[in-house]
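Novice: For reference, the file final03.cif (mmCIF, C-alpha atoms) is included below:
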data_data
#
loop_
_atom_site.group_PDB
_atom_site.id
_atom_site.type_symbol
_atom_site.label_atom_id
_atom_site.label_comp_id
_atom_site.auth_asym_id
_atom_site.auth_seq_id
_atom_site.Cartn_x
_atom_site.Cartn_y
_atom_site.Cartn_z
ATOM 1 C CA MET N 244 -11.686 -23.364 31.685
ATOM 2 C CA THR N 245 -15.009 -25.226 31.817
ATOM 3 C CA THR N 246 -16.536 -26.075 28.439
ATOM 4 C CA THR N 247 -20.305 -25.636 28.265
ATOM 5 C CA ASP N 248 -22.569 -27.402 25.801
ATOM 6 C CA SER N 249 -22.729 -24.275 23.657
ATOM 7 C CA GLU N 250 -18.909 -24.161 23.543
ATOM 8 C CA SER N 251 -18.423 -27.822 22.702
ATOM 9 C CA PRO N 252 -15.172 -28.468 20.836
ATOM 10 C CA HIS N 253 -17.182 -30.776 18.566
ATOM 11 C CA ALA N 254 -19.513 -28.013 17.391
ATOM 12 C CA THR N 255 -19.869 -27.712 13.653
ATOM 13 C CA VAL N 256 -18.433 -24.808 11.704
ATOM 14 C CA ASP N 257 -21.940 -23.456 11.112
ATOM 15 C CA GLU N 258 -22.692 -23.619 14.840
ATOM 16 C CA ARG N 259 -19.497 -21.792 15.676
ATOM 17 C CA ARG N 260 -20.297 -19.209 13.023
ATOM 18 C CA GLY N 261 -23.721 -18.716 14.534
ATOM 19 C CA ARG N 262 -22.179 -17.923 17.935
ATOM 20 C CA ASN N 263 -19.588 -15.582 16.394
ATOM 21 C CA GLY N 264 -21.928 -13.513 14.296
ATOM 22 C CA GLY N 265 -21.241 -15.551 11.175
ATOM 23 C CA SER N 266 -23.122 -16.613 8.118
ATOM 24 C CA ARG N 267 -26.088 -18.425 9.733
ATOM 25 C CA LYS N 268 -27.540 -15.257 11.289
ATOM 26 C CA ASP N 269 -26.162 -12.835 8.732
ATOM 27 C CA PRO N 270 -25.640 -14.595 5.378
ATOM 28 C CA GLY N 271 -24.553 -11.392 3.669
ATOM 29 C CA ARG N 272 -21.808 -10.555 6.151
ATOM 30 C CA ARG N 273 -18.881 -11.995 4.184
ATOM 31 C CA GLU N 274 -19.878 -10.023 1.090
ATOM 32 C CA ARG N 275 -20.309 -6.840 3.136
ATOM 33 C CA ILE N 276 -16.848 -7.307 4.571
ATOM 34 C CA ALA N 277 -15.431 -7.903 1.094
ATOM 35 C CA ARG N 278 -17.046 -4.750 -0.266
ATOM 36 C CA ALA N 279 -15.921 -2.808 2.783
ATOM 37 C CA ALA N 280 -12.350 -3.953 2.140
ATOM 38 C CA ILE N 281 -12.623 -2.557 -1.398
ATOM 39 C CA SER N 282 -13.826 0.786 -0.043
ATOM 40 C CA VAL N 283 -10.993 0.922 2.502
ATOM 41 C CA VAL N 284 -8.431 0.262 -0.225
ATOM 42 C CA ALA N 285 -10.025 3.057 -2.265
ATOM 43 C CA GLU N 286 -9.750 5.456 0.661
ATOM 44 C CA ARG N 287 -6.415 4.447 2.199
ATOM 45 C CA GLY N 288 -4.542 2.284 -0.292
ATOM 46 C CA ILE N 289 -3.403 -1.337 -0.062
ATOM 47 C CA GLU N 290 -0.700 -0.796 2.545
ATOM 48 C CA LYS N 291 -2.993 0.864 5.083
ATOM 49 C CA ILE N 292 -5.812 -1.660 5.154
ATOM 50 C CA THR N 293 -6.549 -3.064 8.626
ATOM 51 C CA HIS N 294 -9.134 -5.415 10.067
ATOM 52 C CA ARG N 295 -10.380 -2.601 12.294
ATOM 53 C CA ALA N 296 -10.893 -0.201 9.378
ATOM 54 C CA VAL N 297 -12.735 -2.848 7.355
ATOM 55 C CA ALA N 298 -14.945 -3.782 10.308
ATOM 56 C CA ALA N 299 -15.895 -0.130 10.795
ATOM 57 C CA ALA N 300 -16.666 0.314 7.098
ATOM 58 C CA ALA N 301 -18.758 -2.886 7.057
ATOM 59 C CA GLY N 302 -20.595 -2.032 10.270
ATOM 60 C CA VAL N 303 -19.625 -5.321 11.935
ATOM 61 C CA PRO N 304 -17.667 -6.195 15.096
ATOM 62 C CA LEU N 305 -13.901 -6.436 14.697
ATOM 63 C CA GLY N 306 -14.104 -10.115 15.623
ATOM 64 C CA SER N 307 -16.173 -10.806 12.521
ATOM 65 C CA THR N 308 -13.432 -9.700 10.162
ATOM 66 C CA THR N 309 -10.734 -11.672 11.952
ATOM 67 C CA TYR N 310 -13.017 -14.701 12.226
ATOM 68 C CA HIS N 311 -13.786 -14.868 8.515
ATOM 69 C CA PHE N 312 -10.433 -13.542 7.301
ATOM 70 C CA ALA N 313 -7.575 -14.278 9.658
ATOM 71 C CA THR N 314 -4.880 -12.315 7.821
ATOM 72 C CA LEU N 315 -4.771 -9.091 5.838
ATOM 73 C CA ASP N 316 -3.917 -11.130 2.750
ATOM 74 C CA ASP N 317 -7.153 -13.062 3.282
ATOM 75 C CA LEU N 318 -9.035 -9.756 3.379
ATOM 76 C CA LEU N 319 -7.320 -8.480 0.242
ATOM 77 C CA ALA N 320 -7.915 -11.758 -1.581
ATOM 78 C CA VAL N 321 -11.656 -11.674 -0.891
ATOM 79 C CA ALA N 322 -11.757 -8.013 -1.904
ATOM 80 C CA LEU N 323 -9.988 -8.861 -5.164
ATOM 81 C CA ARG N 324 -12.370 -11.730 -5.869
ATOM 82 C CA GLN N 325 -15.376 -9.526 -5.145
ATOM 83 C CA ALA N 326 -14.043 -6.793 -7.430
ATOM 84 C CA ALA N 327 -13.396 -9.361 -10.150
ATOM 85 C CA GLN N 328 -16.869 -10.889 -9.804
ATOM 86 C CA ASP N 329 -18.511 -7.475 -9.981
ATOM 87 C CA ASN N 330 -16.439 -6.462 -12.992
ATOM 88 C CA VAL N 331 -17.048 -9.665 -14.952
ATOM 89 C CA ALA N 332 -20.780 -9.661 -14.119
ATOM 90 C CA GLU N 333 -21.045 -6.084 -15.363
ATOM 91 C CA LEU N 334 -19.161 -6.923 -18.559
ATOM 92 C CA ARG N 335 -21.400 -9.938 -19.190
ATOM 93 C CA GLU N 336 -24.484 -7.785 -18.749
ATOM 94 C CA TRP N 337 -22.963 -5.242 -21.124
ATOM 95 C CA ALA N 338 -22.170 -7.954 -23.679
ATOM 96 C CA ASP N 339 -25.626 -9.528 -23.414
ATOM 97 C CA GLY N 340 -27.166 -6.162 -24.221
ATOM 98 C CA MET N 341 -25.263 -5.802 -27.483
ATOM 99 C CA ASP N 342 -27.183 -6.224 -30.709
ATOM 100 C CA SER N 343 -25.943 -8.718 -33.264
ATOM 101 C CA GLY N 344 -23.752 -7.061 -35.839
ATOM 102 C CA VAL N 345 -22.687 -4.335 -33.419
ATOM 103 C CA ASP N 346 -19.497 -2.420 -34.210
ATOM 104 C CA LEU N 347 -17.363 -4.191 -31.585
ATOM 105 C CA PRO N 348 -14.338 -1.828 -31.678
ATOM 106 C CA ALA N 349 -16.631 1.178 -31.248
ATOM 107 C CA VAL N 350 -18.511 -0.235 -28.257
ATOM 108 C CA LEU N 351 -15.279 -1.457 -26.649
ATOM 109 C CA THR N 352 -13.943 2.067 -27.014
ATOM 110 C CA ASP N 353 -17.044 3.408 -25.266
ATOM 111 C CA LEU N 354 -16.458 0.936 -22.454
ATOM 112 C CA VAL N 355 -12.796 1.870 -21.971
ATOM 113 C CA LEU N 356 -13.658 5.574 -21.917
ATOM 114 C CA ARG N 357 -16.354 4.910 -19.321
ATOM 115 C CA TYR N 358 -13.945 3.011 -17.086
ATOM 116 C CA LEU N 359 -11.339 5.765 -17.436
ATOM 117 C CA GLY N 360 -13.876 8.575 -17.064
ATOM 118 C CA PRO N 361 -16.955 8.352 -14.829
ATOM 119 C CA GLU N 362 -15.794 5.075 -13.242
ATOM 120 C CA ARG N 363 -12.101 5.906 -12.983
ATOM 121 C CA GLU N 364 -11.942 5.681 -9.174
ATOM 122 C CA ARG N 365 -13.305 2.152 -9.182
ATOM 123 C CA THR N 366 -10.985 1.174 -12.026
ATOM 124 C CA VAL N 367 -7.977 2.418 -10.052
ATOM 125 C CA VAL N 368 -8.986 0.418 -6.969
ATOM 126 C CA GLU N 369 -9.498 -2.763 -9.009
ATOM 127 C CA HIS N 370 -6.045 -2.415 -10.515
ATOM 128 C CA GLU N 371 -4.468 -1.698 -7.127
ATOM 129 C CA LEU N 372 -5.905 -4.964 -5.856
ATOM 130 C CA TYR N 373 -4.814 -6.835 -8.968
ATOM 131 C CA VAL N 374 -1.207 -5.630 -8.883
ATOM 132 C CA ALA N 375 -0.912 -6.417 -5.165
ATOM 133 C CA ALA N 376 -0.589 -10.058 -6.235
ATOM 134 C CA LEU N 377 2.963 -9.295 -7.388
ATOM 135 C CA HIS N 378 4.160 -9.253 -3.789
ATOM 136 C CA ARG N 379 1.371 -11.210 -2.098
ATOM 137 C CA PRO N 380 1.254 -14.824 -3.335
ATOM 138 C CA ALA N 381 -2.090 -15.399 -1.603
ATOM 139 C CA LEU N 382 -3.716 -13.058 -4.113
ATOM 140 C CA ARG N 383 -2.314 -14.624 -7.282
ATOM 141 C CA ALA N 384 -5.063 -17.201 -7.696
ATOM 142 C CA ALA N 385 -7.734 -14.479 -7.602
ATOM 143 C CA SER N 386 -5.825 -12.375 -10.150
ATOM 144 C CA THR N 387 -5.439 -15.367 -12.445
ATOM 145 C CA GLU N 388 -9.147 -16.184 -12.141
ATOM 146 C CA TRP N 389 -9.979 -12.609 -13.169
ATOM 147 C CA ASP N 390 -7.717 -12.861 -16.217
ATOM 148 C CA GLY N 391 -9.374 -16.126 -17.222
ATOM 149 C CA ALA N 392 -12.890 -14.754 -16.813
ATOM 150 C CA LEU N 393 -12.133 -11.740 -19.014
ATOM 151 C CA ARG N 394 -10.510 -13.934 -21.638
ATOM 152 C CA ASP N 395 -13.497 -16.301 -21.682
ATOM 153 C CA LEU N 396 -15.902 -13.382 -21.965
ATOM 154 C CA PHE N 397 -14.217 -11.896 -25.026
ATOM 155 C CA THR N 398 -13.708 -15.339 -26.573
ATOM 156 C CA ALA N 399 -17.447 -15.994 -26.363
ATOM 157 C CA TYR N 400 -18.086 -13.095 -28.755
ATOM 158 C CA THR N 401 -15.172 -13.659 -31.138
ATOM 159 C CA ASP N 402 -12.864 -16.688 -31.283
ATOM 160 C CA GLU N 403 -10.190 -18.051 -28.967
ATOM 161 C CA VAL N 404 -7.226 -16.133 -30.363
ATOM 162 C CA SER N 405 -9.153 -12.895 -30.872
ATOM 163 C CA GLY N 406 -10.652 -13.198 -27.394
ATOM 164 C CA LYS N 407 -7.227 -13.474 -25.791
ATOM 165 C CA MET N 408 -5.981 -10.533 -27.824
ATOM 166 C CA LEU N 409 -8.967 -8.341 -26.985
ATOM 167 C CA ALA N 410 -8.670 -9.153 -23.286
ATOM 168 C CA ALA N 411 -4.986 -8.179 -23.351
ATOM 169 C CA VAL N 412 -5.669 -4.977 -25.292
ATOM 170 C CA PHE N 413 -8.612 -4.040 -23.074
ATOM 171 C CA CYS N 414 -6.623 -4.521 -19.872
ATOM 172 C CA GLY N 415 -3.573 -2.796 -21.323
ATOM 173 C CA LEU N 416 -5.551 0.288 -22.292
ATOM 174 C CA LEU N 417 -7.007 0.517 -18.809
ATOM 175 C CA TRP N 418 -3.565 0.140 -17.215
ATOM 176 C CA GLN N 419 -2.143 2.897 -19.400
ATOM 177 C CA GLY N 420 -5.196 5.070 -18.930
ATOM 178 C CA ILE N 421 -5.089 5.165 -15.128
ATOM 179 C CA VAL N 422 -1.505 6.454 -15.076
ATOM 180 C CA ARG N 423 -1.317 8.422 -18.311
ATOM 181 C CA GLU N 424 -1.896 12.147 -18.660
ATOM 182 C CA PRO N 425 -3.681 13.111 -20.778
ATOM 183 C CA LEU N 426 -6.001 10.203 -21.435
ATOM 184 C CA PRO N 427 -5.829 8.579 -24.866
ATOM 185 C CA ASP N 428 -8.467 10.001 -27.180
ATOM 186 C CA ARG N 429 -11.307 8.090 -28.717
ATOM 187 C CA ASP N 430 -9.747 7.753 -32.175
ATOM 188 C CA GLU N 431 -6.561 6.272 -30.736
ATOM 189 C CA ILE N 432 -8.405 3.689 -28.656
ATOM 190 C CA GLU N 433 -10.793 2.709 -31.437
ATOM 191 C CA THR N 434 -7.976 2.319 -33.947
ATOM 192 C CA ILE N 435 -6.187 -0.062 -31.588
ATOM 193 C CA PHE N 436 -9.308 -2.208 -31.185
ATOM 194 C CA ARG N 437 -9.910 -2.265 -34.938
ATOM 195 C CA ARG N 438 -6.415 -3.515 -35.557
ATOM 196 C CA ALA N 439 -6.897 -6.153 -32.857
ATOM 197 C CA VAL N 440 -9.996 -7.570 -34.591
ATOM 198 C CA GLY N 441 -8.469 -7.272 -38.056
ATOM 199 C CA ASP N 442 -10.700 -4.409 -39.187
ATOM 200 C CA THR N 443 -8.496 -2.258 -41.409
ATOM 201 C CA ALA N 444 -11.327 -0.669 -43.378
ATOM 202 C CA HIS N 445 -11.847 2.077 -40.795
ATOM 203 C CA GLY N 446 -8.274 3.017 -40.052
#
Represent the structure from my file as structure tokens, please.

Specialist:
Amino acid sequence: MTTTDSESPHATVDERRGRNGGSRKDPGRRERIARAAISVVAERGIEKITHRAVAAAAGVPLGSTTYHFATLDDLLAVALRQAAQDNVAELREWADGMDSGVDLPAVLTDLVLRYLGPERERTVVEHELYVAALHRPALRAASTEWDGALRDLFTAYTDEVSGKMLAAVFCGLLWQGIVREPLPDRDEIETIFRRAVGDTAHG
């Protein structure tokens, strides 16, 4: 096959991306694909994700998904990272909006109930992506990064040991909440958080 100037084997990655509908002409495409992968997992589950389904959900050619993410594990990994980034950014915004001296166990309880109530569907999808790392080694780094970000967030508002404990309790309550019927009630959740921060005056 004859190689034209525009198909030069020495073309840069950015040039090749420009020809293939990549980031130079559409800088938001990777993120759209990542978010589309999350939506496909929400609709179909981890095991039924395909490049074609993600491309359709993202509104991009099939070749774009396979170009940026060669394997399904690559797609799932970017979806997991996007979900983690969104979750941590939201938690940081939530934390930044807290007044000094706030009743931390009470507001953490509100947050858990929100994630298990109005935002339950998203919470389920995030946990599906997270647990997929058990059998997909390519996803483990993203899962570990998410754990670390949550731990650092809680540590910033308490201390190192308390931050690790709160992160573990927070995640544990969400895990239990997405599979448990009925949901834990407010008093139960708040009591657990109070014990975690050493507040025995309220329960």

Novice: Could you check the closest approach to Leu416 (chain N) for each of N:Trp389, N:Tyr358, N:Tyr373, N:Tyr400 and tell me which residue wins, using only C-alpha atoms?

Specialist: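 Ranking N:Trp389, N:Tyr358, N:Tyr373, N:Tyr400 by distance to Leu416 (chain N), first place goes to N:Tyr358.
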
Novice: Where does the PyMOL selection byres ((chain N and resi 306-311) around 9) land in this file, that is, which residues does it pick, as a VMD selection string?

Specialist: chain N and resid 260 263 to 265 272 to 273 276 294 to 295 297 to 298 303 to 305 312 to 315 317 to 318

Novice: Restrict the selected residues to C-alpha atoms and save them as a tab-separated table (two decimals), keeping the file's coordinate frame.

Specialist:
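File again-v3.tsv, as written:
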chain	number	residue	atom	x	y	z
N	260	ARG	CA	-20.30	-19.21	13.02
N	263	ASN	CA	-19.59	-15.58	16.39
N	264	GLY	CA	-21.93	-13.51	14.30
N	265	GLY	CA	-21.24	-15.55	11.18
N	272	ARG	CA	-21.81	-10.56	6.15
N	273	ARG	CA	-18.88	-12.00	4.18
N	276	ILE	CA	-16.85	-7.31	4.57
N	294	HIS	CA	-9.13	-5.42	10.07
N	295	ARG	CA	-10.38	-2.60	12.29
N	297	VAL	CA	-12.74	-2.85	7.36
N	298	ALA	CA	-14.94	-3.78	10.31
N	303	VAL	CA	-19.62	-5.32	11.94
N	304	PRO	CA	-17.67	-6.20	15.10
N	305	LEU	CA	-13.90	-6.44	14.70
N	312	PHE	CA	-10.43	-13.54	7.30
N	313	ALA	CA	-7.58	-14.28	9.66
N	314	THR	CA	-4.88	-12.32	7.82
N	315	LEU	CA	-4.77	-9.09	5.84
N	317	ASP	CA	-7.15	-13.06	3.28
N	318	LEU	CA	-9.04	-9.76	3.38

Novice: As a check of understanding, name the residues that the PyMOL selection byres ((chain N and resi 381) around 9) selects in the supplied structure, as a ChimeraX atom specification.

Specialist: /N:316-317,319-320,376,379-380,382-385

Novice: Measure the distance from CA of Glu362 (chain N) to CA of Ser405 (chain N) in Å and round it to one decimal.

Specialist: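 Computing it gives 26.0 Å between the two atoms.
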
Novice: Neighbouring residues of Trp418 (chain N) were defined as those with any atom within 12 Å, considering only C-alpha atoms; residues of the same chain fewer than 2 positions away were excluded. Please report them as a ChimeraX atom specification.

Specialist: /N:355,358-359,363,366-371,373-374,411-416,420-423,426-427

Novice: I'd like the residues picked by the PyMOL selection byres ((chain N and resi 278) around 9) written out as a PyMOL selection string, using the chain letters and numbers from the file.

Specialist: chain N and resi 273-277+279-283+297+300-301+321-322+325-326

Novice: Have a look at N:Gly340, N:Leu372, N:Asp442, N:Glu388 and name the one nearest to Glu290 (chain N); count all atoms listed in the file.

Specialist: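 Of all the options, N:Leu372 lies closest to Glu290 (chain N).
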
Novice: Produce the centre coordinates and the three edge lengths, each in Å to one decimal, of the box along x, y and z that contains all listed atoms of region 322-329 of chain N with 8 Å added on each side, as AutoDock Vina command-line options.

Specialist:
--center_x -14.2 --center_y -9.3 --center_z -6.0 --size_x 24.5 --size_y 20.9 --size_z 24.2

Novice: Pick the closest to Val331 (chain N) from N:Glu403, N:Glu364, N:Glu286, N:Asp395: which is it, counting all atoms listed in the file?

Specialist: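 The closest residue to Val331 (chain N) is N:Asp395.
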
Novice: Please determine, counting only C-alpha atoms, which residue among N:Leu347, N:Ala399, N:Leu417, N:Ala392 has the shortest atom-to-atom distance to Ala439 (chain N).

Specialist: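 Among the listed residues, the smallest separation from Ala439 (chain N) belongs to N:Leu347.
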
Novice: Just how far from CA of Glu336 (chain N) is CA of Leu351 (chain N), in Å to one decimal?

Specialist: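 Interatomic distance here is 13.7 Å.
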
Novice: Ranking N:Ala349, N:Thr387, N:Val284, N:Ala296 by minimum distance to Arg324 (chain N) and counting only C-alpha atoms, which one comes first?

Specialist: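 Of the candidates, the smallest distance to Arg324 (chain N) is held by N:Thr387.
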
Novice: Determine the nearest neighbour of Arg394 (chain N) from the options N:Ile289, N:Ile432, N:Ala299, N:Leu334, counting only C-alpha atoms.

Specialist: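 Residue with the minimum atom-to-atom distance to Arg394 (chain N): N:Leu334.
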
Novice: Find the distance between CA of Pro348 (chain N) and CA of Phe436 (chain N) and write it in Å to one decimal.

Specialist: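 The value is 5.1 Å.
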